[in-house]
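Reproduced below: protein-v8.pdb, with PDB, C-alpha atoms, pLDDT in the B column.
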```pdb
ATOM      1  CA  MET A 249      64.237 -40.863  55.848  1.00 81.00           C
ATOM      2  CA  GLN A 250      64.050 -44.642  55.962  1.00 88.00           C
ATOM      3  CA  TYR A 251      61.400 -46.595  54.088  1.00 87.00           C
ATOM      4  CA  ARG A 252      60.088 -49.981  55.172  1.00 85.00           C
ATOM      5  CA  GLY A 253      58.517 -52.361  52.744  1.00 82.00           C
ATOM      6  CA  PRO A 254      56.144 -51.169  50.030  1.00 85.00           C
ATOM      7  CA  GLU A 255      55.848 -47.603  51.325  1.00 89.00           C
ATOM      8  CA  VAL A 256      58.877 -46.599  49.238  1.00 89.00           C
ATOM      9  CA  TYR A 257      56.885 -47.233  46.052  1.00 91.00           C
ATOM     10  CA  ASP A 258      54.555 -44.387  47.010  1.00 90.00           C
ATOM     11  CA  ASP A 259      57.438 -41.889  47.004  1.00 89.00           C
ATOM     12  CA  PRO A 260      56.962 -39.982  43.693  1.00 88.00           C
ATOM     13  CA  GLU A 261      60.651 -39.694  42.811  1.00 90.00           C
ATOM     14  CA  PHE A 262      61.407 -43.299  43.692  1.00 87.00           C
ATOM     15  CA  SER A 263      58.386 -44.449  41.706  1.00 87.00           C
ATOM     16  CA  ARG A 264      59.508 -42.479  38.659  1.00 91.00           C
ATOM     17  CA  GLN A 265      63.006 -43.983  38.785  1.00 89.00           C
ATOM     18  CA  TYR A 266      61.704 -47.476  39.508  1.00 88.00           C
ATOM     19  CA  HIS A 267      59.347 -47.583  36.532  1.00 87.00           C
ATOM     20  CA  HIS A 268      62.084 -46.154  34.306  1.00 88.00           C
ATOM     21  CA  LYS A 269      64.481 -48.851  35.514  1.00 89.00           C
ATOM     22  CA  ARG A 270      61.928 -51.583  34.810  1.00 90.00           C
ATOM     23  CA  GLN A 271      61.776 -50.465  31.169  1.00 92.00           C
ATOM     24  CA  LYS A 272      65.513 -50.904  30.593  1.00 94.00           C
ATOM     25  CA  VAL A 273      66.797 -53.615  28.296  1.00 96.00           C
ATOM     26  CA  ASP A 274      67.667 -56.802  30.200  1.00 97.00           C
ATOM     27  CA  ASN A 275      66.453 -55.476  33.548  1.00 97.00           C
ATOM     28  CA  PRO A 276      66.995 -58.166  36.230  1.00 97.00           C
ATOM     29  CA  ASN A 277      63.305 -58.589  37.045  1.00 97.00           C
ATOM     30  CA  ASP A 278      62.417 -59.621  33.511  1.00 97.00           C
ATOM     31  CA  ALA A 279      65.662 -61.303  32.437  1.00 98.00           C
ATOM     32  CA  LEU A 280      66.443 -63.210  35.652  1.00 98.00           C
ATOM     33  CA  GLU A 281      63.541 -63.371  38.096  1.00 98.00           C
ATOM     34  CA  LYS A 282      60.442 -63.779  35.973  1.00 98.00           C
ATOM     35  CA  PRO A 283      61.655 -66.755  33.874  1.00 98.00           C
ATOM     36  CA  VAL A 284      62.378 -68.826  36.996  1.00 98.00           C
ATOM     37  CA  ILE A 285      59.033 -67.947  38.581  1.00 98.00           C
ATOM     38  CA  GLU A 286      57.249 -68.999  35.390  1.00 98.00           C
ATOM     39  CA  ALA A 287      59.161 -72.281  35.295  1.00 98.00           C
ATOM     40  CA  LEU A 288      58.323 -73.047  38.926  1.00 98.00           C
ATOM     41  CA  LEU A 289      54.649 -72.217  38.408  1.00 98.00           C
ATOM     42  CA  GLY A 290      54.193 -74.405  35.363  1.00 98.00           C
ATOM     43  CA  SER A 291      50.621 -74.534  34.079  1.00 98.00           C
ATOM     44  CA  VAL A 292      48.190 -72.317  35.985  1.00 98.00           C
ATOM     45  CA  ALA A 293      45.105 -73.468  34.087  1.00 98.00           C
ATOM     46  CA  GLY A 294      42.081 -73.670  36.376  1.00 98.00           C
ATOM     47  CA  LYS A 295      43.999 -72.572  39.470  1.00 98.00           C
ATOM     48  CA  THR A 296      43.037 -70.061  42.131  1.00 98.00           C
ATOM     49  CA  ILE A 297      46.072 -67.911  42.898  1.00 98.00           C
ATOM     50  CA  LEU A 298      46.941 -65.508  45.696  1.00 98.00           C
ATOM     51  CA  ASP A 299      49.796 -63.086  45.001  1.00 98.00           C
ATOM     52  CA  LEU A 300      51.420 -61.550  48.095  1.00 98.00           C
ATOM     53  CA  GLY A 301      52.929 -58.316  46.849  1.00 97.00           C
ATOM     54  CA  CYS A 302      51.164 -58.140  43.506  1.00 98.00           C
ATOM     55  CA  GLY A 303      52.736 -54.868  42.381  1.00 96.00           C
ATOM     56  CA  ASP A 304      51.137 -53.296  39.335  1.00 96.00           C
ATOM     57  CA  GLY A 305      49.058 -56.375  38.506  1.00 97.00           C
ATOM     58  CA  LYS A 306      50.635 -57.112  35.116  1.00 97.00           C
ATOM     59  CA  PHE A 307      51.708 -60.585  36.168  1.00 98.00           C
ATOM     60  CA  GLY A 308      48.259 -61.286  37.541  1.00 98.00           C
ATOM     61  CA  ARG A 309      46.764 -60.369  34.190  1.00 98.00           C
ATOM     62  CA  GLN A 310      49.233 -62.695  32.490  1.00 98.00           C
ATOM     63  CA  LEU A 311      48.241 -65.580  34.769  1.00 98.00           C
ATOM     64  CA  LEU A 312      44.568 -65.034  33.955  1.00 98.00           C
ATOM     65  CA  VAL A 313      45.328 -64.982  30.222  1.00 98.00           C
ATOM     66  CA  GLU A 314      47.155 -68.285  30.733  1.00 98.00           C
ATOM     67  CA  GLY A 315      44.018 -69.827  32.213  1.00 98.00           C
ATOM     68  CA  ALA A 316      44.057 -69.187  35.962  1.00 98.00           C
ATOM     69  CA  ALA A 317      40.502 -69.466  37.287  1.00 98.00           C
ATOM     70  CA  ARG A 318      40.769 -66.560  39.722  1.00 98.00           C
ATOM     71  CA  TYR A 319      43.489 -64.219  40.924  1.00 98.00           C
ATOM     72  CA  TYR A 320      43.764 -62.359  44.222  1.00 98.00           C
ATOM     73  CA  GLY A 321      46.468 -59.751  44.732  1.00 98.00           C
ATOM     74  CA  VAL A 322      47.516 -57.865  47.840  1.00 98.00           C
ATOM     75  CA  ASP A 323      50.033 -55.031  48.113  1.00 97.00           C
ATOM     76  CA  GLY A 324      50.896 -52.391  50.672  1.00 96.00           C
ATOM     77  CA  SER A 325      51.567 -49.606  48.167  1.00 96.00           C
ATOM     78  CA  GLU A 326      48.674 -47.324  47.315  1.00 95.00           C
ATOM     79  CA  GLN A 327      50.111 -46.601  43.889  1.00 95.00           C
ATOM     80  CA  MET A 328      50.708 -50.252  43.056  1.00 96.00           C
ATOM     81  CA  VAL A 329      47.198 -51.222  44.103  1.00 97.00           C
ATOM     82  CA  ARG A 330      45.759 -48.492  41.905  1.00 96.00           C
ATOM     83  CA  LEU A 331      47.788 -49.740  38.922  1.00 97.00           C
ATOM     84  CA  ALA A 332      46.793 -53.339  39.657  1.00 98.00           C
ATOM     85  CA  GLU A 333      43.116 -52.428  39.794  1.00 98.00           C
ATOM     86  CA  GLU A 334      43.457 -50.778  36.389  1.00 97.00           C
ATOM     87  CA  GLN A 335      45.262 -53.793  34.928  1.00 96.00           C
ATOM     88  CA  LEU A 336      42.744 -56.267  36.311  1.00 98.00           C
ATOM     89  CA  SER A 337      39.553 -54.323  35.760  1.00 97.00           C
ATOM     90  CA  GLY A 338      36.852 -56.586  34.370  1.00 96.00           C
ATOM     91  CA  GLN A 339      38.899 -59.715  35.047  1.00 97.00           C
ATOM     92  CA  SER A 340      38.246 -62.582  37.442  1.00 98.00           C
ATOM     93  CA  ALA A 341      40.382 -60.865  40.045  1.00 98.00           C
ATOM     94  CA  GLU A 342      40.349 -58.948  43.307  1.00 97.00           C
ATOM     95  CA  VAL A 343      43.012 -56.634  44.720  1.00 98.00           C
ATOM     96  CA  PHE A 344      43.545 -55.607  48.346  1.00 97.00           C
ATOM     97  CA  ARG A 345      45.700 -52.895  49.850  1.00 97.00           C
ATOM     98  CA  ALA A 346      47.154 -54.196  53.105  1.00 96.00           C
ATOM     99  CA  ASP A 347      50.252 -54.798  55.193  1.00 93.00           C
ATOM    100  CA  LEU A 348      51.101 -58.464  54.686  1.00 94.00           C
ATOM    101  CA  VAL A 349      52.084 -58.908  58.317  1.00 91.00           C
ATOM    102  CA  HIS A 350      48.634 -57.983  59.618  1.00 92.00           C
ATOM    103  CA  TRP A 351      46.409 -58.825  56.652  1.00 94.00           C
ATOM    104  CA  PRO A 352      43.673 -61.331  57.567  1.00 93.00           C
ATOM    105  CA  PHE A 353      43.686 -63.829  54.730  1.00 95.00           C
ATOM    106  CA  PRO A 354      40.284 -64.370  53.081  1.00 92.00           C
ATOM    107  CA  ASN A 355      38.329 -67.422  54.152  1.00 94.00           C
ATOM    108  CA  LEU A 356      39.491 -69.354  51.107  1.00 95.00           C
ATOM    109  CA  LYS A 357      41.896 -72.108  50.146  1.00 97.00           C
ATOM    110  CA  PHE A 358      44.263 -71.559  47.228  1.00 98.00           C
ATOM    111  CA  ASP A 359      45.958 -73.824  44.715  1.00 98.00           C
ATOM    112  CA  THR A 360      48.979 -71.543  44.567  1.00 98.00           C
ATOM    113  CA  ILE A 361      50.251 -68.719  46.734  1.00 98.00           C
ATOM    114  CA  LEU A 362      52.930 -66.592  45.159  1.00 98.00           C
ATOM    115  CA  SER A 363      55.272 -63.896  46.450  1.00 98.00           C
ATOM    116  CA  ARG A 364      57.809 -62.146  44.241  1.00 98.00           C
ATOM    117  CA  LEU A 365      60.629 -60.087  45.793  1.00 97.00           C
ATOM    118  CA  VAL A 366      58.662 -59.076  48.869  1.00 97.00           C
ATOM    119  CA  LEU A 367      59.627 -61.296  51.800  1.00 98.00           C
ATOM    120  CA  HIS A 368      63.016 -59.656  52.361  1.00 97.00           C
ATOM    121  CA  TYR A 369      61.074 -56.604  53.587  1.00 96.00           C
ATOM    122  CA  LEU A 370      59.590 -58.578  56.492  1.00 97.00           C
ATOM    123  CA  GLU A 371      61.318 -58.957  59.841  1.00 96.00           C
ATOM    124  CA  ASP A 372      59.653 -62.220  60.871  1.00 97.00           C
ATOM    125  CA  LEU A 373      58.547 -64.701  58.227  1.00 98.00           C
ATOM    126  CA  ARG A 374      57.126 -67.446  60.416  1.00 97.00           C
ATOM    127  CA  PRO A 375      53.658 -65.976  61.118  1.00 97.00           C
ATOM    128  CA  LEU A 376      53.103 -65.250  57.432  1.00 98.00           C
ATOM    129  CA  PHE A 377      54.383 -68.653  56.337  1.00 98.00           C
ATOM    130  CA  GLN A 378      52.021 -70.326  58.806  1.00 97.00           C
ATOM    131  CA  LYS A 379      49.071 -68.402  57.384  1.00 97.00           C
ATOM    132  CA  VAL A 380      50.144 -69.352  53.871  1.00 98.00           C
ATOM    133  CA  TYR A 381      50.326 -73.017  54.884  1.00 98.00           C
ATOM    134  CA  ASP A 382      46.884 -72.877  56.469  1.00 98.00           C
ATOM    135  CA  HIS A 383      45.321 -71.324  53.347  1.00 98.00           C
ATOM    136  CA  LEU A 384      46.646 -73.765  50.781  1.00 98.00           C
ATOM    137  CA  LEU A 385      44.610 -76.635  49.438  1.00 98.00           C
ATOM    138  CA  PRO A 386      46.021 -80.145  49.958  1.00 96.00           C
ATOM    139  CA  ASP A 387      49.099 -80.384  47.694  1.00 92.00           C
ATOM    140  CA  GLY A 388      48.909 -76.628  47.181  1.00 98.00           C
ATOM    141  CA  GLU A 389      52.106 -74.763  46.385  1.00 98.00           C
ATOM    142  CA  PHE A 390      53.868 -71.710  47.795  1.00 98.00           C
ATOM    143  CA  ILE A 391      56.384 -70.201  45.393  1.00 99.00           C
ATOM    144  CA  PHE A 392      58.467 -67.196  46.340  1.00 98.00           C
ATOM    145  CA  SER A 393      61.515 -65.202  45.310  1.00 98.00           C
ATOM    146  CA  VAL A 394      63.727 -62.977  47.452  1.00 98.00           C
ATOM    147  CA  GLU A 395      66.919 -61.050  46.998  1.00 97.00           C
ATOM    148  CA  HIS A 396      69.713 -63.580  47.263  1.00 98.00           C
ATOM    149  CA  PRO A 397      71.503 -63.698  50.644  1.00 98.00           C
ATOM    150  CA  ILE A 398      74.776 -62.949  48.877  1.00 95.00           C
ATOM    151  CA  LEU A 399      73.246 -59.694  47.681  1.00 94.00           C
ATOM    152  CA  THR A 400      71.667 -58.692  50.983  1.00 96.00           C
ATOM    153  CA  SER A 401      74.996 -59.333  52.715  1.00 95.00           C
ATOM    154  CA  CYS A 402      76.906 -56.897  50.501  1.00 91.00           C
ATOM    155  CA  TYR A 403      74.790 -53.746  50.727  1.00 87.00           C
ATOM    156  CA  GLU A 404      77.612 -51.886  52.445  1.00 76.00           C
ATOM    157  CA  SER A 405      79.913 -52.262  49.452  1.00 68.00           C
ATOM    158  CA  TYR A 406      76.984 -51.560  47.123  1.00 66.00           C
ATOM    159  CA  ASN A 407      76.155 -48.317  48.916  1.00 64.00           C
ATOM    160  CA  ASN A 408      79.751 -47.115  48.690  1.00 63.00           C
ATOM    161  CA  VAL A 409      80.336 -47.751  44.980  1.00 61.00           C
ATOM    162  CA  PRO A 410      78.797 -45.330  42.465  1.00 62.00           C
ATOM    163  CA  GLY A 411      77.491 -46.678  39.176  1.00 63.00           C
ATOM    164  CA  LYS A 412      77.688 -50.320  38.177  1.00 69.00           C
ATOM    165  CA  ARG A 413      79.569 -52.483  40.630  1.00 69.00           C
ATOM    166  CA  GLY A 414      82.792 -54.123  39.598  1.00 68.00           C
ATOM    167  CA  ASN A 415      82.832 -56.423  42.619  1.00 78.00           C
ATOM    168  CA  TRP A 416      80.666 -57.588  45.505  1.00 84.00           C
ATOM    169  CA  ILE A 417      82.038 -57.776  49.034  1.00 90.00           C
ATOM    170  CA  VAL A 418      80.142 -60.326  51.126  1.00 92.00           C
ATOM    171  CA  ASP A 419      80.354 -59.471  54.816  1.00 92.00           C
ATOM    172  CA  ASN A 420      78.556 -60.443  58.039  1.00 94.00           C
ATOM    173  CA  TYR A 421      76.840 -63.174  56.076  1.00 97.00           C
ATOM    174  CA  PHE A 422      75.852 -65.258  59.100  1.00 97.00           C
ATOM    175  CA  GLU A 423      74.296 -62.329  60.974  1.00 97.00           C
ATOM    176  CA  ASP A 424      70.612 -62.378  60.080  1.00 98.00           C
ATOM    177  CA  GLY A 425      68.789 -59.113  60.524  1.00 97.00           C
ATOM    178  CA  LEU A 426      68.135 -55.585  59.402  1.00 96.00           C
ATOM    179  CA  ARG A 427      70.161 -54.123  56.541  1.00 94.00           C
ATOM    180  CA  GLU A 428      69.873 -50.657  55.033  1.00 93.00           C
ATOM    181  CA  ASN A 429      70.028 -50.468  51.270  1.00 90.00           C
ATOM    182  CA  ILE A 430      70.451 -47.208  49.364  1.00 89.00           C
ATOM    183  CA  TRP A 431      68.192 -48.008  46.444  1.00 84.00           C
ATOM    184  CA  LEU A 432      67.395 -45.415  43.773  1.00 86.00           C
ATOM    185  CA  ASP A 433      68.635 -42.736  46.178  1.00 88.00           C
ATOM    186  CA  LYS A 434      66.314 -43.825  49.007  1.00 88.00           C
ATOM    187  CA  LYS A 435      67.165 -45.580  52.276  1.00 92.00           C
ATOM    188  CA  VAL A 436      65.197 -48.821  52.240  1.00 94.00           C
ATOM    189  CA  ILE A 437      65.091 -51.300  55.123  1.00 94.00           C
ATOM    190  CA  LYS A 438      65.379 -54.967  54.187  1.00 96.00           C
ATOM    191  CA  TYR A 439      66.199 -58.105  56.172  1.00 97.00           C
ATOM    192  CA  HIS A 440      69.119 -60.381  55.444  1.00 98.00           C
ATOM    193  CA  ARG A 441      68.757 -64.122  56.002  1.00 98.00           C
ATOM    194  CA  THR A 442      71.099 -66.926  55.123  1.00 98.00           C
ATOM    195  CA  LEU A 443      69.931 -69.639  52.770  1.00 98.00           C
ATOM    196  CA  GLU A 444      69.944 -71.958  55.780  1.00 98.00           C
ATOM    197  CA  THR A 445      67.572 -69.625  57.643  1.00 98.00           C
ATOM    198  CA  TYR A 446      65.105 -69.559  54.745  1.00 98.00           C
ATOM    199  CA  PHE A 447      65.216 -73.351  54.552  1.00 98.00           C
ATOM    200  CA  ARG A 448      64.620 -73.713  58.286  1.00 98.00           C
ATOM    201  CA  VAL A 449      61.623 -71.356  58.260  1.00 98.00           C
ATOM    202  CA  CYS A 450      60.089 -73.410  55.446  1.00 98.00           C
ATOM    203  CA  GLN A 451      60.521 -76.650  57.350  1.00 97.00           C
ATOM    204  CA  ASP A 452      59.471 -75.253  60.720  1.00 97.00           C
ATOM    205  CA  THR A 453      56.130 -74.121  59.311  1.00 98.00           C
ATOM    206  CA  GLY A 454      55.354 -77.563  57.873  1.00 97.00           C
ATOM    207  CA  PHE A 455      56.262 -77.182  54.214  1.00 98.00           C
ATOM    208  CA  ARG A 456      57.991 -79.681  51.990  1.00 98.00           C
ATOM    209  CA  VAL A 457      60.744 -78.044  49.972  1.00 98.00           C
ATOM    210  CA  GLU A 458      60.241 -79.149  46.387  1.00 98.00           C
ATOM    211  CA  SER A 459      62.808 -76.948  44.691  1.00 98.00           C
ATOM    212  CA  ILE A 460      65.455 -74.310  45.400  1.00 98.00           C
ATOM    213  CA  ARG A 461      66.614 -72.203  42.486  1.00 98.00           C
ATOM    214  CA  GLU A 462      69.014 -69.330  41.951  1.00 98.00           C
ATOM    215  CA  SER A 463      68.942 -66.732  39.206  1.00 97.00           C
ATOM    216  CA  ARG A 464      71.369 -68.462  36.860  1.00 97.00           C
ATOM    217  CA  PRO A 465      71.196 -66.361  33.688  1.00 98.00           C
ATOM    218  CA  GLN A 466      70.123 -67.919  30.400  1.00 98.00           C
ATOM    219  CA  ARG A 467      71.448 -66.344  27.215  1.00 98.00           C
ATOM    220  CA  SER A 468      68.062 -66.570  25.511  1.00 98.00           C
ATOM    221  CA  ASN A 469      66.591 -64.159  28.074  1.00 98.00           C
ATOM    222  CA  PHE A 470      69.070 -61.375  27.287  1.00 98.00           C
ATOM    223  CA  GLN A 471      69.276 -59.060  24.324  1.00 98.00           C
ATOM    224  CA  LEU A 472      72.826 -57.880  25.026  1.00 98.00           C
ATOM    225  CA  GLU A 473      75.805 -60.190  25.501  1.00 98.00           C
ATOM    226  CA  GLU A 474      77.497 -57.797  27.937  1.00 96.00           C
ATOM    227  CA  ASN A 475      74.499 -57.910  30.279  1.00 97.00           C
ATOM    228  CA  PHE A 476      74.388 -61.703  30.148  1.00 98.00           C
ATOM    229  CA  VAL A 477      78.094 -61.953  30.981  1.00 96.00           C
ATOM    230  CA  ARG A 478      77.780 -59.501  33.872  1.00 94.00           C
ATOM    231  CA  ARG A 479      74.863 -61.377  35.430  1.00 96.00           C
ATOM    232  CA  LYS A 480      76.879 -64.597  35.576  1.00 95.00           C
ATOM    233  CA  ARG A 481      79.052 -63.167  38.352  1.00 94.00           C
ATOM    234  CA  ILE A 482      76.720 -63.513  41.348  1.00 93.00           C
ATOM    235  CA  PRO A 483      73.117 -64.652  41.891  1.00 96.00           C
ATOM    236  CA  LEU A 484      70.710 -61.767  42.443  1.00 96.00           C
ATOM    237  CA  PHE A 485      67.669 -63.821  43.424  1.00 98.00           C
ATOM    238  CA  LEU A 486      66.787 -66.948  45.392  1.00 98.00           C
ATOM    239  CA  PHE A 487      63.661 -69.030  44.771  1.00 98.00           C
ATOM    240  CA  PHE A 488      61.765 -71.667  46.738  1.00 98.00           C
ATOM    241  CA  LYS A 489      58.940 -73.915  45.659  1.00 98.00           C
ATOM    242  CA  LEU A 490      57.127 -75.419  48.647  1.00 98.00           C
ATOM    243  CA  SER A 491      54.173 -77.739  49.040  1.00 98.00           C
ATOM    244  CA  ARG A 492      51.895 -78.881  51.830  1.00 94.00           C
TER
END
```
Would you mind writing the file out in structure tokens?
Amino acid sequence: MQYRGPEVYDDPEFSRQYHHKRQKVDNPNDALEKPVIEALLGSVAGKTILDLGCGDGKFGRQLLVEGAARYYGVDGSEQMVRLAEEQLSGQSAEVFRADLVHWPFPNLKFDTILSRLVLHYLEDLRPLFQKVYDHLLPDGEFIFSVEHPILTSCYESYNNVPGKRGNWIVDNYFEDGLRENIWLDKKVIKYHRTLETYFRVCQDTGFRVESIRESRPQRSNFQLEENFVRRKRIPLFLFFKLSR
């Protein structure tokens, strides 16, 4: 069975393994992805934020603690929405369950629209990026992370090597399109795009590219030296900060 997008998070066995993986020391989400997102966001005090792919809502709660005025989260996973509603209960927040491709954005303008490790599940980014652009306030920001194109271009070698990888074989890099990733024993459909493709989509939909970052590891974010050294080999994540 193949899973597309957030539906895999509603598979009980996948969900169990995923949440276990997220609790591991120096997991990539917390040691590599989150610090860059926080740096790109800067101060959120007084801002209205929309999070496309809000997951369990923990980050939304953090943003509200840090002074965000209001937080809106949307996710396609029933389980994740339930967890997010629990996390954000009683807060200045609202959570929606919806497919991002077809979700009608609320009739609001946002200071910041955020998307963390979601867009590589979508086949066509342009319609969503255009909606994001249209729902940002003047000088509003769109900040997103995706799996790095180096990573999405080496799934074949990843799927054929048990345990921790000793090397990464980049192949068919310039062929954008569907890739199948065996992730936590499930077949998950993602979409590979070159860095150039991401940049072009940003420009074509009217955005100014303010910053491009990669997940360069910082020793202070790791507990174990061996994990820090291993993560210096290839970038796992790619980040863009865009503005109107």
Within 12 Å of Gln339 (chain A) using only C-alpha atoms, minus same-chain residues under 6 positions, as a ChimeraX atom specification: /A:305,308-313,315-320,332-333
Considering only C-alpha atoms, give me a table of residues in region 342-419 of chain A that are at most 12 Å from region 459-466 of chain A, with the closest atom pair and distance in Å for each, as a Markdown table.
```
| residue | atom | partner | partner_atom | distance |
| --- | --- | --- | --- | --- |
| A:Glu389 | CA | A:Ser459 | CA | 11.1 |
| A:Phe390 | CA | A:Ser459 | CA | 10.8 |
| A:Ile391 | CA | A:Ser459 | CA | 9.3 |
| A:Phe392 | CA | A:Ile460 | CA | 10.0 |
| A:Ser393 | CA | A:Arg461 | CA | 9.1 |
| A:Val394 | CA | A:Glu462 | CA | 9.9 |
| A:Glu395 | CA | A:Ser463 | CA | 9.9 |
| A:His396 | CA | A:Glu462 | CA | 7.9 |
| A:Pro397 | CA | A:Glu462 | CA | 10.7 |
| A:Ile398 | CA | A:Glu462 | CA | 11.0 |
| A:Leu399 | CA | A:Ser463 | CA | 11.8 |
```
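Minimum atom-to-atom distance to Phe455 (chain A), evaluated using only C-alpha atoms, belongs to A:Asp387 out of A:Asp433, A:Asp419, A:Asp387, A:Glu474.
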Under the rule of at most 7 Å, produce a per-residue listing of region 358-477 of chain A near region 278-297 of chain A: chain, number, name, the closest pair of atoms, and the distance in Å, as a Markdown table, using all atoms listed in the file.
```
| residue | atom | partner | partner_atom | distance |
| --- | --- | --- | --- | --- |
| A:Phe358 | CA | A:Thr296 | CA | 5.5 |
| A:Asp359 | CA | A:Thr296 | CA | 5.4 |
| A:Thr360 | CA | A:Ile297 | CA | 4.9 |
| A:Ile361 | CA | A:Ile297 | CA | 5.7 |
| A:Ser463 | CA | A:Leu280 | CA | 5.6 |
| A:Pro465 | CA | A:Leu280 | CA | 6.0 |
| A:Asn469 | CA | A:Ala279 | CA | 5.3 |
| A:Phe470 | CA | A:Ala279 | CA | 6.2 |
```
Residues returned when the PyMOL selection byres ((chain A and resi 364) around 8) runs on this file, as a PyMOL selection string: chain A and resi 300-302+362-363+365-367+392-394
Residue contacts of region 345-356 of chain A (6 Å, all atoms listed in the file) excluding same-chain residues fewer than 2 positions away, as a ChimeraX atom specification: /A:322-324
Between CA of Asn277 (chain A) and CA of Asn475 (chain A) - distance in Å to one decimal: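 CA of Asn277 (chain A) lies 13.1 Å from CA of Asn475 (chain A).
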Residues selected by the PyMOL selection byres ((chain A and resi 436) around 8), written as number ranges by chain: A: 250-253, 256, 428-431, 434-435, 437-438
With C-alpha atoms kept, could you save the residues just selected as an mmCIF file, keeping the file's coordinate frame?
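The file below, again35.cif, is the result:
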```cif
data_model
loop_
_atom_site.group_PDB
_atom_site.id
_atom_site.type_symbol
_atom_site.label_atom_id
_atom_site.label_comp_id
_atom_site.auth_asym_id
_atom_site.auth_seq_id
_atom_site.Cartn_x
_atom_site.Cartn_y
_atom_site.Cartn_z
ATOM 1 C CA GLN A 250 64.050 -44.642 55.962
ATOM 2 C CA TYR A 251 61.400 -46.595 54.088
ATOM 3 C CA ARG A 252 60.088 -49.981 55.172
ATOM 4 C CA GLY A 253 58.517 -52.361 52.744
ATOM 5 C CA VAL A 256 58.877 -46.599 49.238
ATOM 6 C CA GLU A 428 69.873 -50.657 55.033
ATOM 7 C CA ASN A 429 70.028 -50.468 51.270
ATOM 8 C CA ILE A 430 70.451 -47.208 49.364
ATOM 9 C CA TRP A 431 68.192 -48.008 46.444
ATOM 10 C CA LYS A 434 66.314 -43.825 49.007
ATOM 11 C CA LYS A 435 67.165 -45.580 52.276
ATOM 12 C CA ILE A 437 65.091 -51.300 55.123
ATOM 13 C CA LYS A 438 65.379 -54.967 54.187
#
```
When you get a chance, write out N, CA, C and O atoms for region 291-302 of chain A, as a short mmCIF file (atom, residue, chain, number, x, y, z; two decimals), in the coordinates of the input.
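The file below, result-v5.cif, is the result:
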```cif
data_model
loop_
_atom_site.label_atom_id
_atom_site.label_comp_id
_atom_site.auth_asym_id
_atom_site.auth_seq_id
_atom_site.Cartn_x
_atom_site.Cartn_y
_atom_site.Cartn_z
N SER A 291 51.96 -74.88 34.54
CA SER A 291 50.62 -74.53 34.08
C SER A 291 49.78 -73.99 35.23
O SER A 291 49.76 -74.56 36.32
N VAL A 292 49.08 -72.90 34.97
CA VAL A 292 48.19 -72.32 35.98
C VAL A 292 46.72 -72.52 35.61
O VAL A 292 45.83 -71.98 36.26
N ALA A 293 46.47 -73.29 34.58
CA ALA A 293 45.10 -73.47 34.09
C ALA A 293 44.18 -73.98 35.19
O ALA A 293 44.48 -74.98 35.86
N GLY A 294 43.09 -73.27 35.41
CA GLY A 294 42.08 -73.67 36.38
C GLY A 294 42.42 -73.39 37.82
O GLY A 294 41.64 -73.74 38.71
N LYS A 295 43.56 -72.75 38.09
CA LYS A 295 44.00 -72.57 39.47
C LYS A 295 43.53 -71.23 40.05
O LYS A 295 43.37 -70.24 39.36
N THR A 296 43.32 -71.27 41.37
CA THR A 296 43.04 -70.06 42.13
C THR A 296 44.34 -69.63 42.79
O THR A 296 44.97 -70.41 43.51
N ILE A 297 44.73 -68.38 42.53
CA ILE A 297 46.07 -67.91 42.90
C ILE A 297 45.98 -66.68 43.79
O ILE A 297 45.21 -65.76 43.51
N LEU A 298 46.78 -66.67 44.83
CA LEU A 298 46.94 -65.51 45.70
C LEU A 298 48.36 -65.00 45.53
O LEU A 298 49.33 -65.75 45.67
N ASP A 299 48.49 -63.71 45.25
CA ASP A 299 49.80 -63.09 45.00
C ASP A 299 50.08 -62.08 46.12
O ASP A 299 49.43 -61.04 46.21
N LEU A 300 51.05 -62.41 46.97
CA LEU A 300 51.42 -61.55 48.10
C LEU A 300 52.48 -60.56 47.66
O LEU A 300 53.65 -60.90 47.51
N GLY A 301 52.05 -59.33 47.41
CA GLY A 301 52.93 -58.32 46.85
C GLY A 301 52.75 -58.26 45.35
O GLY A 301 53.68 -58.47 44.57
N CYS A 302 51.53 -57.99 44.92
CA CYS A 302 51.16 -58.14 43.51
C CYS A 302 51.69 -57.04 42.61
O CYS A 302 51.62 -57.15 41.38
#
```
